[in-house]
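Asker: Sharing structure-v4.tsv here; it has TSV, N, CA and C atoms and all ligand atoms.
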```tsv
chain	number	residue	atom	x	y	z
A	1	MET	N	52.92	41.37	117.24
A	1	MET	CA	52.31	40.56	116.22
A	1	MET	C	53.21	39.39	115.89
A	2	THR	N	52.63	38.24	115.71
A	2	THR	CA	53.42	37.07	115.34
A	2	THR	C	52.96	36.57	113.99
A	3	HIS	N	53.87	35.91	113.33
A	3	HIS	CA	53.55	35.35	112.03
A	3	HIS	C	53.78	33.85	112.10
A	4	SER	N	52.72	33.09	111.98
A	4	SER	CA	52.88	31.64	112.06
A	4	SER	C	53.12	31.07	110.67
A	5	PRO	N	54.11	30.19	110.54
A	5	PRO	CA	54.43	29.62	109.23
A	5	PRO	C	53.27	28.79	108.69
A	6	GLN	N	53.10	28.85	107.39
A	6	GLN	CA	52.05	28.05	106.76
A	6	GLN	C	52.62	26.67	106.43
A	7	PRO	N	51.79	25.63	106.47
A	7	PRO	CA	52.27	24.28	106.22
A	7	PRO	C	52.46	24.00	104.73
A	8	VAL	N	53.55	24.51	104.16
A	8	VAL	CA	53.84	24.23	102.75
A	8	VAL	C	55.27	23.72	102.63
A	9	THR	N	55.54	23.00	101.58
A	9	THR	CA	56.88	22.52	101.29
A	9	THR	C	57.41	23.32	100.11
A	10	ILE	N	58.62	23.86	100.28
A	10	ILE	CA	59.22	24.64	99.20
A	10	ILE	C	59.73	23.67	98.13
A	11	THR	N	59.20	23.79	96.94
A	11	THR	CA	59.62	22.94	95.82
A	11	THR	C	60.10	23.84	94.69
A	12	SER	N	60.39	23.25	93.57
A	12	SER	CA	60.92	24.04	92.44
A	12	SER	C	59.89	25.00	91.87
A	13	SER	N	58.62	24.86	92.24
A	13	SER	CA	57.62	25.80	91.71
A	13	SER	C	57.61	27.11	92.50
A	14	TRP	N	58.36	27.15	93.61
A	14	TRP	CA	58.46	28.38	94.39
A	14	TRP	C	59.67	29.17	93.93
A	15	VAL	N	59.54	30.48	93.91
A	15	VAL	CA	60.62	31.35	93.48
A	15	VAL	C	61.01	32.24	94.66
A	16	ARG	N	62.32	32.30	94.93
A	16	ARG	CA	62.79	33.19	95.99
A	16	ARG	C	62.70	34.62	95.48
A	17	ILE	N	61.96	35.48	96.20
A	17	ILE	CA	61.75	36.85	95.72
A	17	ILE	C	62.42	37.91	96.59
A	18	ALA	N	62.75	37.57	97.83
A	18	ALA	CA	63.37	38.57	98.71
A	18	ALA	C	63.88	37.88	99.96
A	19	SER	N	64.70	38.60	100.68
A	19	SER	CA	65.09	38.14	102.01
A	19	SER	C	64.09	38.71	103.01
A	20	VAL	N	63.92	38.02	104.12
A	20	VAL	CA	63.04	38.52	105.18
A	20	VAL	C	63.57	39.88	105.66
A	21	GLU	N	64.88	40.00	105.68
A	21	GLU	CA	65.53	41.24	106.12
A	21	GLU	C	65.10	42.45	105.28
A	22	ALA	N	64.82	42.23	104.01
A	22	ALA	CA	64.44	43.34	103.13
A	22	ALA	C	63.13	43.99	103.55
A	23	LEU	N	62.32	43.28	104.34
A	23	LEU	CA	61.04	43.85	104.78
A	23	LEU	C	61.08	44.35	106.21
A	24	GLN	N	62.26	44.43	106.77
A	24	GLN	CA	62.35	44.95	108.13
A	24	GLN	C	62.42	46.47	108.08
A	25	GLY	N	62.10	47.10	109.17
A	25	GLY	CA	62.11	48.55	109.22
A	25	GLY	C	60.71	49.09	109.34
A	26	GLU	N	60.62	50.40	109.34
A	26	GLU	CA	59.33	51.06	109.58
A	26	GLU	C	58.34	50.90	108.43
A	27	ARG	N	58.86	50.70	107.24
A	27	ARG	CA	57.97	50.62	106.08
A	27	ARG	C	58.28	49.35	105.29
A	28	PRO	N	57.62	48.24	105.63
A	28	PRO	CA	57.90	46.96	104.98
A	28	PRO	C	57.19	46.82	103.63
A	29	VAL	N	57.66	47.60	102.67
A	29	VAL	CA	57.07	47.61	101.32
A	29	VAL	C	58.21	47.69	100.32
A	30	ILE	N	58.32	46.70	99.41
A	30	ILE	CA	59.39	46.75	98.41
A	30	ILE	C	58.86	46.31	97.04
A	31	PRO	N	59.47	46.87	95.98
A	31	PRO	CA	59.10	46.41	94.64
A	31	PRO	C	59.76	45.06	94.35
A	32	VAL	N	59.05	44.22	93.61
A	32	VAL	CA	59.57	42.90	93.24
A	32	VAL	C	59.15	42.64	91.80
A	33	THR	N	60.04	42.03	91.03
A	33	THR	CA	59.65	41.55	89.70
A	33	THR	C	59.70	40.04	89.74
A	34	ALA	N	58.58	39.39	89.46
A	34	ALA	CA	58.51	37.93	89.45
A	34	ALA	C	57.40	37.50	88.50
A	35	PHE	N	57.56	36.35	87.93
A	35	PHE	CA	56.57	35.79	86.99
A	35	PHE	C	56.28	36.77	85.85
A	36	GLY	N	57.31	37.54	85.48
A	36	GLY	CA	57.16	38.48	84.38
A	36	GLY	C	56.29	39.69	84.71
A	37	GLN	N	56.08	39.94	85.99
A	37	GLN	CA	55.20	41.05	86.37
A	37	GLN	C	55.86	41.96	87.39
A	38	ALA	N	55.52	43.22	87.32
A	38	ALA	CA	55.95	44.19	88.34
A	38	ALA	C	54.98	44.05	89.51
A	39	LEU	N	55.53	43.78	90.70
A	39	LEU	CA	54.72	43.49	91.87
A	39	LEU	C	55.21	44.32	93.05
A	40	VAL	N	54.41	44.34	94.11
A	40	VAL	CA	54.84	44.96	95.35
A	40	VAL	C	54.64	43.95	96.48
A	41	LEU	N	55.69	43.80	97.26
A	41	LEU	CA	55.67	42.88	98.40
A	41	LEU	C	55.59	43.71	99.67
A	42	PHE	N	54.71	43.32	100.57
A	42	PHE	CA	54.60	44.06	101.83
A	42	PHE	C	54.15	43.13	102.95
A	43	ARG	N	54.42	43.60	104.15
A	43	ARG	CA	53.94	42.89	105.34
A	43	ARG	C	52.89	43.79	105.99
A	44	ASP	N	51.71	43.22	106.24
A	44	ASP	CA	50.65	44.05	106.81
A	44	ASP	C	50.76	44.12	108.33
A	45	GLU	N	49.84	44.84	108.95
A	45	GLU	CA	49.90	45.05	110.40
A	45	GLU	C	49.68	43.77	111.19
A	46	GLU	N	49.11	42.74	110.56
A	46	GLU	CA	48.94	41.45	111.22
A	46	GLU	C	50.17	40.56	111.05
A	47	GLY	N	51.18	41.06	110.37
A	47	GLY	CA	52.40	40.30	110.16
A	47	GLY	C	52.33	39.38	108.95
A	48	GLU	N	51.24	39.46	108.19
A	48	GLU	CA	51.08	38.61	107.01
A	48	GLU	C	51.68	39.29	105.79
A	49	LEU	N	52.15	38.48	104.85
A	49	LEU	CA	52.75	39.01	103.63
A	49	LEU	C	51.72	39.14	102.52
A	50	GLY	N	51.91	40.16	101.69
A	50	GLY	CA	51.10	40.32	100.49
A	50	GLY	C	52.03	40.53	99.31
A	51	LEU	N	51.74	39.90	98.18
A	51	LEU	CA	52.48	40.12	96.94
A	51	LEU	C	51.42	40.38	95.88
A	52	ILE	N	51.28	41.64	95.49
A	52	ILE	CA	50.20	42.04	94.60
A	52	ILE	C	50.74	42.88	93.45
A	53	GLY	N	49.92	43.10	92.45
A	53	GLY	CA	50.31	43.94	91.33
A	53	GLY	C	50.77	45.30	91.80
A	54	ARG	N	51.81	45.80	91.14
A	54	ARG	CA	52.42	47.04	91.61
A	54	ARG	C	51.66	48.30	91.21
A	55	TYR	N	50.94	48.24	90.10
A	55	TYR	CA	50.33	49.46	89.59
A	55	TYR	C	48.82	49.47	89.79
A	56	CYS	N	48.34	50.57	90.29
A	56	CYS	CA	46.92	50.72	90.57
A	56	CYS	C	46.09	50.56	89.29
A	57	PRO	N	45.02	49.80	89.33
A	57	PRO	CA	44.20	49.60	88.13
A	57	PRO	C	43.38	50.84	87.74
A	58	HIS	N	43.37	51.86	88.57
A	58	HIS	CA	42.63	53.08	88.24
A	58	HIS	C	43.39	53.91	87.22
A	59	ARG	N	44.51	54.50	87.63
A	59	ARG	CA	45.29	55.34	86.72
A	59	ARG	C	46.76	54.96	86.70
A	60	GLY	N	47.07	53.81	87.24
A	60	GLY	CA	48.42	53.29	87.11
A	60	GLY	C	49.44	53.80	88.10
A	61	ALA	N	49.02	54.43	89.18
A	61	ALA	CA	49.99	54.91	90.17
A	61	ALA	C	50.75	53.73	90.78
A	62	ASP	N	51.97	54.01	91.20
A	62	ASP	CA	52.85	52.99	91.75
A	62	ASP	C	52.50	52.76	93.24
A	63	LEU	N	52.00	51.58	93.54
A	63	LEU	CA	51.59	51.28	94.92
A	63	LEU	C	52.78	51.14	95.87
A	64	CYS	N	54.00	51.06	95.33
A	64	CYS	CA	55.17	51.07	96.22
A	64	CYS	C	55.26	52.38	96.98
A	65	TYR	N	54.64	53.42	96.43
A	65	TYR	CA	54.64	54.72	97.10
A	65	TYR	C	53.33	54.97	97.85
A	66	GLY	N	52.51	53.94	97.93
A	66	GLY	CA	51.22	54.09	98.61
A	66	GLY	C	51.38	54.14	100.11
A	67	ARG	N	50.29	54.50	100.77
A	67	ARG	CA	50.30	54.50	102.24
A	67	ARG	C	50.10	53.10	102.74
A	68	HIS	N	50.97	52.71	103.66
A	68	HIS	CA	50.93	51.37	104.25
A	68	HIS	C	50.01	51.46	105.46
A	69	GLU	N	48.75	51.02	105.27
A	69	GLU	CA	47.79	51.18	106.35
A	69	GLU	C	46.63	50.20	106.20
A	70	ASN	N	45.90	50.02	107.30
A	70	ASN	CA	44.70	49.16	107.32
A	70	ASN	C	44.94	47.79	106.68
A	71	ASN	N	46.05	47.16	107.03
A	71	ASN	CA	46.38	45.84	106.50
A	71	ASN	C	46.45	45.81	104.98
A	72	GLY	N	47.01	46.86	104.41
A	72	GLY	CA	47.16	46.89	102.97
A	72	GLY	C	47.88	48.14	102.52
A	73	LEU	N	47.69	48.45	101.24
A	73	LEU	CA	48.32	49.63	100.65
A	73	LEU	C	47.24	50.54	100.07
A	74	ARG	N	47.40	51.84	100.34
A	74	ARG	CA	46.46	52.81	99.80
A	74	ARG	C	47.16	53.58	98.69
A	75	CYS	N	46.55	53.60	97.53
A	75	CYS	CA	47.12	54.26	96.36
A	75	CYS	C	47.42	55.73	96.67
A	76	PRO	N	48.62	56.20	96.27
A	76	PRO	CA	49.00	57.58	96.58
A	76	PRO	C	48.26	58.62	95.73
A	77	PHE	N	47.54	58.18	94.71
A	77	PHE	CA	46.90	59.15	93.82
A	77	PHE	C	45.46	59.48	94.28
A	78	HIS	N	44.55	58.53	94.22
A	78	HIS	CA	43.15	58.80	94.60
A	78	HIS	C	42.70	57.98	95.80
A	79	GLY	N	43.57	57.20	96.39
A	79	GLY	CA	43.26	56.56	97.65
A	79	GLY	C	42.57	55.21	97.63
A	80	TRP	N	42.49	54.58	96.48
A	80	TRP	CA	41.94	53.22	96.52
A	80	TRP	C	42.82	52.37	97.42
A	81	HIS	N	42.19	51.49	98.18
A	81	HIS	CA	42.92	50.66	99.13
A	81	HIS	C	42.86	49.20	98.72
A	82	PHE	N	43.99	48.50	98.83
A	82	PHE	CA	44.09	47.09	98.45
A	82	PHE	C	44.63	46.28	99.62
A	83	ASP	N	44.02	45.11	99.85
A	83	ASP	CA	44.53	44.26	100.92
A	83	ASP	C	45.57	43.28	100.38
A	84	ARG	N	46.06	42.40	101.22
A	84	ARG	CA	47.16	41.51	100.81
A	84	ARG	C	46.75	40.49	99.76
A	85	SER	N	45.46	40.32	99.55
A	85	SER	CA	45.01	39.41	98.49
A	85	SER	C	44.87	40.14	97.16
A	86	GLY	N	45.11	41.44	97.16
A	86	GLY	CA	44.95	42.24	95.95
A	86	GLY	C	43.54	42.79	95.79
A	87	GLN	N	42.66	42.46	96.71
A	87	GLN	CA	41.28	42.95	96.63
A	87	GLN	C	41.20	44.43	96.98
A	88	CYS	N	40.51	45.19	96.14
A	88	CYS	CA	40.24	46.58	96.47
A	88	CYS	C	39.21	46.59	97.59
A	89	THR	N	39.47	47.36	98.62
A	89	THR	CA	38.55	47.37	99.77
A	89	THR	C	37.89	48.73	99.98
A	90	GLU	N	38.40	49.77	99.33
A	90	GLU	CA	37.83	51.11	99.49
A	90	GLU	C	38.11	51.95	98.25
A	91	GLN	N	37.13	52.76	97.88
A	91	GLN	CA	37.29	53.77	96.83
A	91	GLN	C	36.72	55.07	97.39
A	92	PRO	N	37.56	55.89	98.00
A	92	PRO	CA	37.08	57.06	98.73
A	92	PRO	C	36.23	58.04	97.94
A	93	ALA	N	36.43	58.19	96.64
A	93	ALA	CA	35.67	59.19	95.88
A	93	ALA	C	34.36	58.66	95.33
A	94	GLU	N	34.09	57.39	95.51
A	94	GLU	CA	32.83	56.82	95.02
A	94	GLU	C	31.69	57.15	95.99
A	95	PRO	N	30.44	57.14	95.51
A	95	PRO	CA	29.31	57.35	96.43
A	95	PRO	C	29.35	56.33	97.57
A	96	GLU	N	28.83	56.72	98.71
A	96	GLU	CA	28.90	55.88	99.91
A	96	GLU	C	28.35	54.48	99.72
A	97	ASP	N	27.27	54.37	98.92
A	97	ASP	CA	26.64	53.06	98.75
A	97	ASP	C	27.23	52.26	97.58
A	98	SER	N	28.27	52.77	96.95
A	98	SER	CA	28.87	52.07	95.81
A	98	SER	C	29.54	50.77	96.26
A	99	LYS	N	29.34	49.73	95.49
A	99	LYS	CA	29.99	48.44	95.75
A	99	LYS	C	30.97	48.11	94.62
A	100	MET	N	31.30	49.11	93.81
A	100	MET	CA	32.18	48.87	92.67
A	100	MET	C	33.53	48.27	93.10
A	101	TYR	N	34.00	48.67	94.26
A	101	TYR	CA	35.31	48.20	94.73
A	101	TYR	C	35.38	46.67	94.79
A	102	LYS	N	34.24	46.03	94.99
A	102	LYS	CA	34.24	44.57	95.10
A	102	LYS	C	34.62	43.88	93.79
A	103	MET	N	34.51	44.60	92.68
A	103	MET	CA	34.82	44.03	91.37
A	103	MET	C	36.26	44.29	90.95
A	104	ILE	N	37.03	44.96	91.81
A	104	ILE	CA	38.39	45.37	91.44
A	104	ILE	C	39.39	44.57	92.25
A	105	ARG	N	40.26	43.89	91.53
A	105	ARG	CA	41.25	43.05	92.21
A	105	ARG	C	42.55	43.05	91.41
A	106	LEU	N	43.64	43.23	92.11
A	106	LEU	CA	44.96	43.16	91.50
A	106	LEU	C	45.41	41.71	91.46
A	107	PRO	N	46.35	41.39	90.55
A	107	PRO	CA	46.94	40.05	90.60
A	107	PRO	C	47.61	39.85	91.97
A	108	SER	N	47.58	38.63	92.47
A	108	SER	CA	48.25	38.36	93.74
A	108	SER	C	48.83	36.95	93.71
A	109	PHE	N	49.82	36.73	94.55
A	109	PHE	CA	50.54	35.45	94.57
A	109	PHE	C	50.70	34.99	96.00
A	110	THR	N	50.74	33.68	96.16
A	110	THR	CA	50.96	33.08	97.47
A	110	THR	C	52.42	33.28	97.85
A	111	VAL	N	52.67	33.69	99.08
A	111	VAL	CA	54.04	33.88	99.56
A	111	VAL	C	54.22	33.20	100.92
A	112	VAL	N	55.41	32.70	101.15
A	112	VAL	CA	55.75	32.10	102.43
A	112	VAL	C	57.17	32.50	102.81
A	113	GLU	N	57.46	32.41	104.11
A	113	GLU	CA	58.81	32.67	104.62
A	113	GLU	C	59.43	31.35	105.02
A	114	ARG	N	60.67	31.16	104.61
A	114	ARG	CA	61.42	29.98	105.03
A	114	ARG	C	62.89	30.34	105.18
A	115	ASP	N	63.46	30.06	106.34
A	115	ASP	CA	64.89	30.20	106.56
A	115	ASP	C	65.44	31.54	106.11
A	116	GLY	N	64.74	32.60	106.47
A	116	GLY	CA	65.23	33.94	106.18
A	116	GLY	C	64.94	34.44	104.78
A	117	ALA	N	64.20	33.66	104.01
A	117	ALA	CA	63.86	34.09	102.65
A	117	ALA	C	62.34	34.08	102.46
A	118	ILE	N	61.91	34.84	101.47
A	118	ILE	CA	60.49	34.88	101.11
A	118	ILE	C	60.36	34.29	99.71
A	119	TYR	N	59.44	33.34	99.60
A	119	TYR	CA	59.22	32.63	98.34
A	119	TYR	C	57.80	32.92	97.85
A	120	ALA	N	57.65	32.92	96.54
A	120	ALA	CA	56.32	33.11	95.94
A	120	ALA	C	56.04	31.97	94.99
A	121	GLN	N	54.77	31.71	94.82
A	121	GLN	CA	54.37	30.66	93.91
A	121	GLN	C	53.34	31.21	92.95
A	122	ASP	N	53.56	30.94	91.68
A	122	ASP	CA	52.59	31.32	90.67
A	122	ASP	C	51.40	30.38	90.79
A	123	ALA	N	50.21	30.96	90.88
A	123	ALA	CA	49.01	30.14	91.05
A	123	ALA	C	48.86	29.14	89.90
A	124	GLY	N	49.44	29.46	88.75
A	124	GLY	CA	49.31	28.56	87.62
A	124	GLY	C	50.36	27.47	87.58
A	125	ALA	N	51.30	27.50	88.55
A	125	ALA	CA	52.37	26.50	88.57
A	125	ALA	C	51.82	25.11	88.88
A	126	LEU	N	52.40	24.13	88.26
A	126	LEU	CA	51.97	22.75	88.53
A	126	LEU	C	52.50	22.30	89.87
A	127	PRO	N	51.76	21.46	90.57
A	127	PRO	CA	52.29	20.93	91.84
A	127	PRO	C	53.52	20.07	91.58
A	128	ALA	N	54.40	19.99	92.56
A	128	ALA	CA	55.61	19.18	92.43
A	128	ALA	C	55.23	17.71	92.27
A	129	ALA	N	56.00	16.99	91.44
A	129	ALA	CA	55.77	15.56	91.25
A	129	ALA	C	56.02	14.83	92.56
A	130	THR	N	55.24	13.80	92.82
A	130	THR	CA	55.42	13.05	94.07
A	130	THR	C	56.06	11.70	93.80
A	201	LIG	S1	45.49	55.90	90.46
A	201	LIG	FE1	45.14	54.67	92.19
A	201	LIG	S2	43.30	55.34	93.00
A	201	LIG	FE2	43.57	56.52	91.22
```
Would you mind writing the file's structure down as structure tokens?
Ligand code: FES

Answerer:
Amino acid sequence: MTHSPQPVTITSSWVRIASVEALQGERPVIPVTAFGQALVLFRDEEGELGLIGRYCPHRGADLCYGRHENNGLRCPFHGWHFDRSGQCTEQPAEPEDSKMYKMIRLPSFTVVERDGAIYAQDAGALPAAT
């Protein structure tokens, strides 16, 4: 899997949240605190990064202990699955035809890799002055 850099310029609105090295190994999932929030940073099977809310919106389980699978994290308690955008994609205990999962989304932040570091940007941050 390869990860192609996104065309962004690192400015003061980006915050360094981790080293690329911190996500190496068999389980690329780490807790991060940024923008005043507890978050979880992970690399999915496609090599893309996700920075999403750390606690499951169902009963508050810590997604840092979730299963790293299907391009996201699966909650260790009841199995809700979240992708790198924070979107819930599965609720195993719901009826088969339930679409409730589509209404559930964790906070998420844009992340990029530059020169061995991972940076995040708060969606509410103002663009850099030109
Ligand atoms: S606490 Fe996460 S699915 Fe229930």

Asker: Show me which residues sit within 7 Å of ligand LIG 201 (chain A) when counting only N, CA and C atoms and all ligand atoms, and put them as a ChimeraX atom specification.

Answerer: /A:55-62,74-81

Asker: Residues at most 12 Å from Val20 in chain A, counting only C-alpha atoms, excluding those fewer than 4 positions away in the same chain, as number ranges by chain?

Answerer: A: 16, 24-25, 28-30, 41-43, 47, 49, 111-119

Asker: Take the residues from that selection and write them out as a short mmCIF file (atom, residue, chain, number, x, y, z; two decimals), in the frame of the given file, keeping N, CA and C atoms.

Answerer:
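So selection_29.cif came out as:
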```
data_model
loop_
_atom_site.label_atom_id
_atom_site.label_comp_id
_atom_site.auth_asym_id
_atom_site.auth_seq_id
_atom_site.Cartn_x
_atom_site.Cartn_y
_atom_site.Cartn_z
N ARG A 16 62.32 32.30 94.93
CA ARG A 16 62.79 33.19 95.99
C ARG A 16 62.70 34.62 95.48
N GLN A 24 62.26 44.43 106.77
CA GLN A 24 62.35 44.95 108.13
C GLN A 24 62.42 46.47 108.08
N GLY A 25 62.10 47.10 109.17
CA GLY A 25 62.11 48.55 109.22
C GLY A 25 60.71 49.09 109.34
N PRO A 28 57.62 48.24 105.63
CA PRO A 28 57.90 46.96 104.98
C PRO A 28 57.19 46.82 103.63
N VAL A 29 57.66 47.60 102.67
CA VAL A 29 57.07 47.61 101.32
C VAL A 29 58.21 47.69 100.32
N ILE A 30 58.32 46.70 99.41
CA ILE A 30 59.39 46.75 98.41
C ILE A 30 58.86 46.31 97.04
N LEU A 41 55.69 43.80 97.26
CA LEU A 41 55.67 42.88 98.40
C LEU A 41 55.59 43.71 99.67
N PHE A 42 54.71 43.32 100.57
CA PHE A 42 54.60 44.06 101.83
C PHE A 42 54.15 43.13 102.95
N ARG A 43 54.42 43.60 104.15
CA ARG A 43 53.94 42.89 105.34
C ARG A 43 52.89 43.79 105.99
N GLY A 47 51.18 41.06 110.37
CA GLY A 47 52.40 40.30 110.16
C GLY A 47 52.33 39.38 108.95
N LEU A 49 52.15 38.48 104.85
CA LEU A 49 52.75 39.01 103.63
C LEU A 49 51.72 39.14 102.52
N VAL A 111 52.67 33.69 99.08
CA VAL A 111 54.04 33.88 99.56
C VAL A 111 54.22 33.20 100.92
N VAL A 112 55.41 32.70 101.15
CA VAL A 112 55.75 32.10 102.43
C VAL A 112 57.17 32.50 102.81
N GLU A 113 57.46 32.41 104.11
CA GLU A 113 58.81 32.67 104.62
C GLU A 113 59.43 31.35 105.02
N ARG A 114 60.67 31.16 104.61
CA ARG A 114 61.42 29.98 105.03
C ARG A 114 62.89 30.34 105.18
N ASP A 115 63.46 30.06 106.34
CA ASP A 115 64.89 30.20 106.56
C ASP A 115 65.44 31.54 106.11
N GLY A 116 64.74 32.60 106.47
CA GLY A 116 65.23 33.94 106.18
C GLY A 116 64.94 34.44 104.78
N ALA A 117 64.20 33.66 104.01
CA ALA A 117 63.86 34.09 102.65
C ALA A 117 62.34 34.08 102.46
N ILE A 118 61.91 34.84 101.47
CA ILE A 118 60.49 34.88 101.11
C ILE A 118 60.36 34.29 99.71
N TYR A 119 59.44 33.34 99.60
CA TYR A 119 59.22 32.63 98.34
C TYR A 119 57.80 32.92 97.85
#
```

Asker: Could you tell me how far atom C of Glu48 in chain A lies from atom C of Arg84 in chain A, in Å and to one decimal?

Answerer: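 So the answer is 7.9 Å.
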
Asker: Using only N, CA and C atoms, pick whichever of A:Ala93, A:Gln37, A:Gly72, A:Ser108 has the shortest atom-to-atom distance to Ile52 in chain A.

Answerer: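 Selected residue with least distance to Ile52 in chain A: A:Ser108.
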
Asker: Quick one: pull the distance between atom N of Glu90 in chain A and atom C of Glu26 in chain A, Å, one decimal.

Answerer: 21.9 Å

Asker: Using only N, CA and C atoms, which residue out of A:Trp14, A:Ser85, A:Ala38, A:Met103 lies closest to Gly50 in chain A?

Answerer: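 When distances to Gly50 in chain A are compared using only N, CA and C atoms, the smallest one comes from A:Ser85.
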
Asker: Name the residues of chain A that fall into helix (DSSP H, G or I) according to DSSP on the backbone, using the chain letters and numbers of this document, as a PyMOL selection string.

Answerer: chain A and resi 20-23+63-65+100-103

Asker: Restricting the calculation to only C-alpha atoms, which member of A:Asp122, A:Glu21, A:Glu96, A:Asp44 is positioned closest to Asn71 in chain A?

Answerer: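 The closest residue to Asn71 in chain A is A:Asp44.
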
Asker: Between A:Ala18, A:Pro92, A:Leu23, A:Leu63, single out the one closest to Leu39 in chain A, counting all atoms listed in the file.

Answerer: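 Nearest to Leu39 in chain A: A:Leu63.
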
Asker: Could you list as a list in words every residue that has an atom within 7 Å of (38.8, 46.1, 96.2), using the file's coordinates and counting only N, CA and C atoms?

Answerer: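 Residues with an atom close enough to that point: His81, Phe82, Asp83, Gly86, Gln87, Cys88, Thr89, Glu90, Met100, Tyr101, Lys102, Met103, Ile104, Arg105 and Leu106 of chain A.
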
Asker: Atom N of Val32 in chain A and atom N of Pro107 in chain A, how far apart in Å?

Answerer: 13.4 Å

Asker: Set up a box along x, y and z of the file covering all listed atoms of range 62-77 of chain A, add 4 Å on every one of the six sides, and write the centre and edge lengths in Å to one decimal, as AutoDock Vina command-line options.

Answerer:
```
--center_x 50.0 --center_y 52.6 --center_z 99.3 --size_x 18.6 --size_y 21.7 --size_z 24.1
```

Asker: I need the residue nearest Pro31 in chain A from this list: A:Ile17, A:Gln121, A:Ser98, A:Gln91. Use only N, CA and C atoms for the distance.

Answerer: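 Of all the options, A:Ile17 lies closest to Pro31 in chain A.
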